[in-house]
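Listing of model_18.cif; format and content: mmCIF, C-alpha atoms.
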data_my_file
#
loop_
_atom_site.label_atom_id
_atom_site.label_comp_id
_atom_site.auth_asym_id
_atom_site.auth_seq_id
_atom_site.Cartn_x
_atom_site.Cartn_y
_atom_site.Cartn_z
CA MET R 146 123.24 64.65 102.35
CA LEU R 147 122.72 65.47 98.67
CA ASN R 148 125.13 64.02 96.13
CA GLY R 149 126.14 65.89 93.00
CA ARG R 150 123.39 64.49 90.76
CA ALA R 151 120.65 65.16 93.31
CA ALA R 152 121.90 68.72 93.75
CA VAL R 153 121.77 69.30 89.99
CA ARG R 154 118.20 67.98 89.89
CA LEU R 155 117.31 70.33 92.72
CA GLY R 156 118.60 73.21 90.61
CA GLY R 157 116.46 72.03 87.71
CA ILE R 158 113.37 71.98 89.90
CA GLY R 159 114.21 75.48 91.07
CA GLY R 160 114.51 76.74 87.49
CA ILE R 161 111.16 75.31 86.43
CA LEU R 162 109.37 76.67 89.50
CA PHE R 163 110.94 80.06 88.86
CA VAL R 164 109.52 80.20 85.33
CA VAL R 165 106.08 78.99 86.47
CA LEU R 166 105.90 81.71 89.12
CA PHE R 167 107.49 84.40 86.95
CA VAL R 168 105.30 84.02 83.85
CA PRO R 169 102.12 85.54 85.40
CA SER R 170 104.08 88.70 86.17
CA TYR R 171 105.58 88.76 82.68
CA LEU R 172 102.13 88.38 81.16
CA SER R 173 100.66 91.17 83.25
CA ALA R 174 102.17 94.06 81.30
CA PRO R 175 99.36 96.61 81.42
CA ASP R 176 97.45 97.53 78.27
CA SER R 177 96.40 100.62 80.24
CA PRO R 178 97.63 103.20 81.13
CA ILE R 179 99.08 104.01 77.74
CA ALA R 180 101.18 106.96 76.65
CA THR R 181 98.11 109.17 76.21
CA SER R 182 96.29 108.11 79.41
CA GLY R 183 95.08 110.82 81.74
CA PRO R 184 95.58 111.11 85.50
CA GLN R 185 92.23 109.47 86.29
CA ASP R 186 93.08 106.50 84.06
CA VAL R 187 96.18 105.85 86.15
CA ILE R 188 94.29 106.14 89.44
CA ASP R 189 91.58 103.78 88.17
CA TYR R 190 94.19 101.30 86.94
CA PHE R 191 95.87 100.95 90.33
CA THR R 192 92.56 100.99 92.21
CA ASP R 193 90.83 98.36 90.08
CA ARG R 194 93.84 96.02 89.87
CA GLN R 195 95.21 96.58 93.35
CA ASP R 196 94.92 93.00 94.62
CA GLY R 197 96.12 91.45 91.36
CA ILE R 198 99.20 93.65 91.19
CA LEU R 199 100.14 92.90 94.80
CA ILE R 200 99.76 89.15 94.28
CA ILE R 201 101.26 88.73 90.81
CA ASN R 202 104.02 91.34 90.95
CA GLY R 203 104.55 91.06 94.68
CA LEU R 204 103.89 87.73 96.36
CA LEU R 205 104.56 85.45 93.38
CA LEU R 206 107.83 87.20 92.55
CA VAL R 207 109.06 86.65 96.11
CA PHE R 208 108.83 82.89 95.62
CA ALA R 209 110.04 83.10 92.00
CA ALA R 210 113.21 84.86 93.16
CA PHE R 211 113.77 82.23 95.86
CA PHE R 212 113.69 79.36 93.35
CA PHE R 213 115.76 81.29 90.79
CA LEU R 214 118.56 81.62 93.34
CA TRP R 215 118.60 77.85 93.80
CA PHE R 216 118.75 77.39 90.02
CA LEU R 217 121.48 79.99 89.66
CA GLY R 218 123.59 78.65 92.53
CA VAL R 219 123.54 75.08 91.24
CA LEU R 220 124.21 76.19 87.66
CA HIS R 221 127.17 78.28 88.81
CA GLY R 222 128.57 75.29 90.68
CA VAL R 223 128.26 73.07 87.61
CA LEU R 224 129.84 75.69 85.35
CA GLN R 225 132.69 76.37 87.77
CA ASP R 226 133.35 72.67 88.09
CA ALA R 227 133.44 72.26 84.30
CA GLU R 228 135.52 75.39 83.71
CA GLY R 229 138.14 74.59 86.33
CA GLU R 230 140.94 77.12 86.22
CA GLY R 231 139.47 78.78 83.15
CA TYR R 232 138.75 82.40 82.40
CA GLY R 233 136.15 83.12 85.07
CA PHE R 234 133.10 82.92 82.81
CA SER R 235 131.27 81.03 85.56
CA PHE R 236 131.54 84.12 87.75
CA VAL R 237 130.19 86.26 84.90
CA SER R 238 127.17 83.97 84.75
CA LEU R 239 126.68 84.23 88.51
CA ALA R 240 126.98 88.03 88.48
CA GLY R 241 124.58 88.28 85.56
CA GLY R 242 121.99 86.14 87.30
CA LEU R 243 122.26 88.15 90.51
CA ILE R 244 121.91 91.43 88.62
CA PHE R 245 118.85 90.07 86.83
CA ILE R 246 116.93 88.97 89.89
CA ALA R 247 117.96 92.01 91.96
CA LEU R 248 116.68 94.43 89.32
CA VAL R 249 113.50 92.41 88.77
CA LEU R 250 112.69 92.62 92.48
CA THR R 251 113.60 96.30 92.59
CA GLY R 252 111.40 97.01 89.58
CA ALA R 253 108.55 95.06 91.14
CA ALA R 254 108.89 97.02 94.37
CA VAL R 255 108.71 100.27 92.41
CA GLU R 256 105.70 99.05 90.43
CA ILE R 257 103.68 97.97 93.46
CA VAL R 258 104.55 100.97 95.65
CA TYR R 259 101.33 102.77 94.66
CA PRO R 260 98.83 99.92 95.26
CA ALA R 261 100.78 98.77 98.34
CA THR R 262 100.55 102.24 99.87
CA LEU R 263 96.89 102.44 98.91
CA ALA R 264 96.22 99.09 100.62
CA ARG R 265 98.13 99.91 103.80
CA PHE R 266 97.28 103.53 104.62
CA GLU R 267 93.72 104.80 104.84
CA ASN R 268 94.79 108.43 104.61
CA PHE R 269 96.88 108.06 101.47
CA GLN R 270 96.08 110.85 99.02
CA GLN R 271 96.01 109.35 95.55
CA ASP R 272 98.36 111.07 93.14
CA ALA R 273 98.41 110.10 89.49
CA GLN R 274 101.89 111.55 89.05
CA LEU R 275 103.26 108.96 91.47
CA GLY R 276 101.57 106.29 89.37
CA PHE R 277 103.07 107.61 86.13
CA LEU R 278 106.53 107.67 87.69
CA SER R 279 106.12 104.19 89.16
CA LEU R 280 105.18 102.62 85.83
CA ALA R 281 107.91 104.37 83.86
CA LEU R 282 110.70 103.62 86.34
CA SER R 283 109.73 100.00 86.91
CA GLY R 284 109.52 99.42 83.16
CA TRP R 285 113.12 100.52 82.65
CA MET R 286 114.32 98.49 85.64
CA TYR R 287 112.80 95.39 84.08
CA ARG R 288 114.61 96.18 80.83
CA PHE R 289 117.90 96.73 82.65
CA ALA R 290 117.41 93.38 84.42
CA PHE R 291 117.71 91.54 81.13
CA VAL R 292 121.23 92.86 80.70
CA GLY R 293 122.10 90.55 83.58
CA MET R 294 120.12 87.70 82.05
CA ALA R 295 121.93 88.19 78.75
CA ALA R 296 125.29 87.97 80.55
CA LEU R 297 124.17 84.81 82.36
CA ILE R 298 123.12 83.10 79.14
CA ALA R 299 126.11 84.23 77.08
CA ALA R 300 128.71 83.24 79.69
CA THR R 301 127.05 79.86 80.15
CA SER R 302 127.07 79.34 76.39
CA VAL R 303 130.79 80.14 76.18
CA ILE R 304 131.56 77.55 78.85
CA ALA R 305 129.27 75.03 77.15
CA LEU R 306 131.15 75.35 73.87
CA ARG R 307 134.52 74.96 75.61
CA THR R 308 133.59 72.08 77.93
CA ARG R 309 130.44 70.41 76.53
CA VAL R 310 128.79 70.82 79.92
CA LEU R 311 125.64 71.63 77.94
CA PRO R 312 124.70 70.41 74.44
CA GLY R 313 126.20 72.40 71.58
CA TRP R 314 122.79 73.26 70.12
CA LEU R 315 121.76 74.91 73.39
CA ALA R 316 125.01 76.88 73.52
CA TRP R 317 124.45 78.35 70.05
CA ALA R 318 120.78 78.97 70.77
CA GLY R 319 121.90 80.65 74.00
CA PHE R 320 123.93 83.23 72.09
CA VAL R 321 120.83 84.15 70.08
CA ALA R 322 118.70 84.33 73.23
CA ALA R 323 121.32 86.46 74.97
CA LEU R 324 121.46 88.95 72.09
CA VAL R 325 117.68 89.29 71.91
CA ALA R 326 117.42 89.56 75.71
CA LEU R 327 119.97 92.38 75.62
CA LEU R 328 117.57 94.19 73.27
CA ARG R 329 114.60 93.61 75.59
CA PHE R 330 113.55 97.26 75.24
CA LEU R 331 112.55 96.52 71.62
CA GLY R 332 109.87 94.04 72.66
CA PRO R 333 108.96 91.04 74.83
CA LEU R 334 110.61 88.38 72.64
CA GLY R 335 113.89 88.60 74.54
CA GLY R 336 112.14 87.79 77.79
CA TRP R 337 110.37 84.77 76.34
CA LEU R 338 113.56 83.39 74.81
CA ALA R 339 115.36 83.83 78.14
CA LEU R 340 112.61 81.95 79.97
CA LEU R 341 112.71 79.17 77.37
CA TRP R 342 116.47 78.94 77.91
CA VAL R 343 115.97 78.56 81.67
CA ILE R 344 113.39 75.83 81.02
CA ALA R 345 115.74 74.01 78.63
CA VAL R 346 118.65 74.09 81.08
CA SER R 347 116.37 73.03 83.94
CA VAL R 348 115.03 70.05 81.98
CA LEU R 349 118.58 68.98 81.18
CA MET R 350 119.43 69.26 84.87
CA LEU R 351 116.52 66.99 85.73
CA THR R 352 117.22 64.42 83.02
CA GLY R 353 120.98 64.21 83.47
CA GLY R 354 121.82 66.14 80.32
CA VAL R 355 124.07 68.60 82.15
CA GLY R 356 127.67 67.48 82.52
CA SER R 357 128.74 67.20 86.16
CA THR R 358 131.46 65.38 88.01
CA GLY R 359 129.09 64.87 90.91
CA GLY R 360 131.40 66.54 93.38
CA PRO R 361 133.66 69.49 94.01
CA HIS R 362 136.29 70.38 91.44
CA THR R 363 139.72 69.30 92.53
CA ARG R 364 142.84 71.17 91.57
CA THR R 365 146.33 69.82 91.38
CA VAL R 366 148.75 71.64 93.64
CA ARG R 367 152.35 71.55 92.54
CA THR R 368 155.08 71.38 95.10
CA SER R 369 158.65 72.36 94.51
#
Taking this structure as input, can you express it in the form of C-alpha cells?
Amino acid sequence: MLNGRAAVRLGGIGGILFVVLFVPSYLSAPDSPIATSGPQDVIDYFTDRQDGILIINGLLLVFAAFFFLWFLGVLHGVLQDAEGEGYGFSFVSLAGGLIFIALVLTGAAVEIVYPATLARFENFQQDAQLGFLSLALSGWMYRFAFVGMAALIAATSVIALRTRVLPGWLAWAGFVAALVALLRFLGPLGGWLALLWVIAVSVLMLTGGVGSTGGPHTRTVRTS
C-alpha cells in the first residue's frame, strides 16, 4: 500500500506524463485553414491531416487526461491536508482542474468530429461548413478550458503562501501564470506558462519539495 510520500511521487509522475502527452496537441494548432480560407481548403486540411488529428488530438489526449487526473487528485489531497479547516481553496483548485480537463476533452471531441466521421463512414458527404464550425467551436472551448487552469493555479498559489506547502517563488510565479492563462485568447503564452507550472509542481512532488504530512489530515473534535 502506498504511503504519503510515494503517493505524492505518483502524482508528480502523472503531471509530467500529462505534459509530455499534451504538448503535441498544443503544438498542432493549424496554420491552415485561416480566416480567409475557402471551403476546399478546409476539406483538404481535414483530409490530408486525418490520421494526425485523430492520433494527436484524440488518442494522445485520452492518455494525457488520465495522467492529469492522477496529478490533480494527489495535488488536491496535499493542498487539503495543508489547508486543514481553511477557506476551501483546495476545492477551488480541484474544480478548476476538472473544468480544465473536461473542456479540453470536449474541445478535442469537437475538433476531431470531422476527420473521425470521415474515417468511420464511407458514405459521409464532406461539408466544409461543418469543418469551419468544428474549428471555431473547438478553439473557444480550449480557451474556456484555461479559465479552469487559471483557477487551479491561483487557488494553489493562495494555499502555498498561507501554508508553505509549495515554495514561495512558485506561489508568486503561479499568480502570474494564472493571470496570463486567464487571457489565453490573446495568445499561446498562457498555455505554455500553465504547462511549465505543472512541470514545476510535478518535479517538486518527485523530489520531495512539496510539503506533506504523509497521511490523512486529522482534525480535533471537541467534546462538551
Task: segment 339-346 of chain R environment, 8 Å, all atoms listed in the file, sequence neighbours closer than 3 positions dropped, as a ChimeraX atom specification - done: /R:157,160-161,164,294-295,298,319,322-323,326,335-336,349-350,355
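Interatomic distance, atom CA of Leu166 of chain R to atom CA of Ala264 of chain R: 23.0 Å.
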TODO: Take atom CA of Leu199 of chain R and atom CA of Tyr259 of chain R and report the distance between them in Å, one decimal.
DONE: 9.9 Å
- [ ] Let me know the residues the PyMOL selection byres ((chain R and resi 207-209) around 6) catches in the file above, as a ChimeraX atom specification.
- [x] /R:163,166-167,204-206,210-212
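Once the PyMOL selection byres ((chain R and resi 217) around 9) is applied to the depicted file, the selected set reads Gly156, Gly159, Gly160, Phe212, Phe213, Leu214, Trp215, Phe216, Gly218, Val219, Leu220, His221, Gly222, Ser238, Leu239, Gly242 and Leu243 of chain R.
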Those residues you just picked out, can you put them in a file as a compact mmCIF listing (two decimals), in the frame of the given file with C-alpha atoms?
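Result went into out.txt, see below:
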# COMPACT_ATOMS: atom_id res chain seq x y z
CA GLY R 156 118.60 73.21 90.61
CA GLY R 159 114.21 75.48 91.07
CA GLY R 160 114.51 76.74 87.49
CA PHE R 212 113.69 79.36 93.35
CA PHE R 213 115.76 81.29 90.79
CA LEU R 214 118.56 81.62 93.34
CA TRP R 215 118.60 77.85 93.80
CA PHE R 216 118.75 77.39 90.02
CA GLY R 218 123.59 78.65 92.53
CA VAL R 219 123.54 75.08 91.24
CA LEU R 220 124.21 76.19 87.66
CA HIS R 221 127.17 78.28 88.81
CA GLY R 222 128.57 75.29 90.68
CA SER R 238 127.17 83.97 84.75
CA LEU R 239 126.68 84.23 88.51
CA GLY R 242 121.99 86.14 87.30
CA LEU R 243 122.26 88.15 90.51
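Evaluated against the shown file, the PyMOL selection byres ((chain R and resi 263) around 12) gives Ile188, Phe191, Thr192, Asp193, Arg194, Gln195, Asp196, Ile198, Leu199, Ile257, Val258, Tyr259, Pro260, Ala261, Thr262, Ala264, Arg265, Phe266, Glu267, Asn268, Phe269, Gln270, Gln271, Asp272, Leu275 and Gly276 of chain R.
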Could you give me, as a JSON list (two decimals) with C-alpha atoms, in the coordinates of the input, the residues within 6 Å of Phe330 of chain R, counting all atoms listed in the file and dropping anything in the same chain fewer than 2 positions from it?
[["chain", "number", "residue", "atom", "x", "y", "z"],
["R", 288, "ARG", "CA", 114.61, 96.18, 80.83],
["R", 328, "LEU", "CA", 117.57, 94.19, 73.27],
["R", 332, "GLY", "CA", 109.87, 94.04, 72.66]]
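Counting only C-alpha atoms, the residue from R:Val223, R:Leu250, R:Val255, R:Leu338 that sits nearest to Leu311 of chain R is R:Val223.
Pairwise distance (atom CA of Gly149 of chain R, atom CA of Trp317 of chain R) equals 26.2 Å.
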- [ ] Identify which of the residues R:Ala290, R:Ile304, R:Leu278, R:Ala296 lies closest to Gly229 of chain R, counting all atoms listed in the file when measuring atom-to-atom distances.
- [x] R:Ile304
If we draw a sphere of 7 Å around (107.6, 87.2, 77.5), which residues have at least one atom in it when counting all atoms listed in the file? Please report them as a PDB file with C-alpha atoms, in the coordinates of the input.
ATOM      1  CA  TYR R 171     105.580  88.760  82.680  1.00  0.00           C
ATOM      2  CA  LEU R 172     102.130  88.380  81.160  1.00  0.00           C
ATOM      3  CA  PRO R 333     108.960  91.040  74.830  1.00  0.00           C
ATOM      4  CA  LEU R 334     110.610  88.380  72.640  1.00  0.00           C
ATOM      5  CA  GLY R 336     112.140  87.790  77.790  1.00  0.00           C
ATOM      6  CA  TRP R 337     110.370  84.770  76.340  1.00  0.00           C
TER       7      TRP R 337
END
TODO: Do a neighbour search on Ala227 of chain R at 7 Å with all atoms listed in the file, toss out local chain neighbours closer than 3 positions, and write the hits as a PyMOL selection string.
DONE: chain R and resi 223-224+308+310
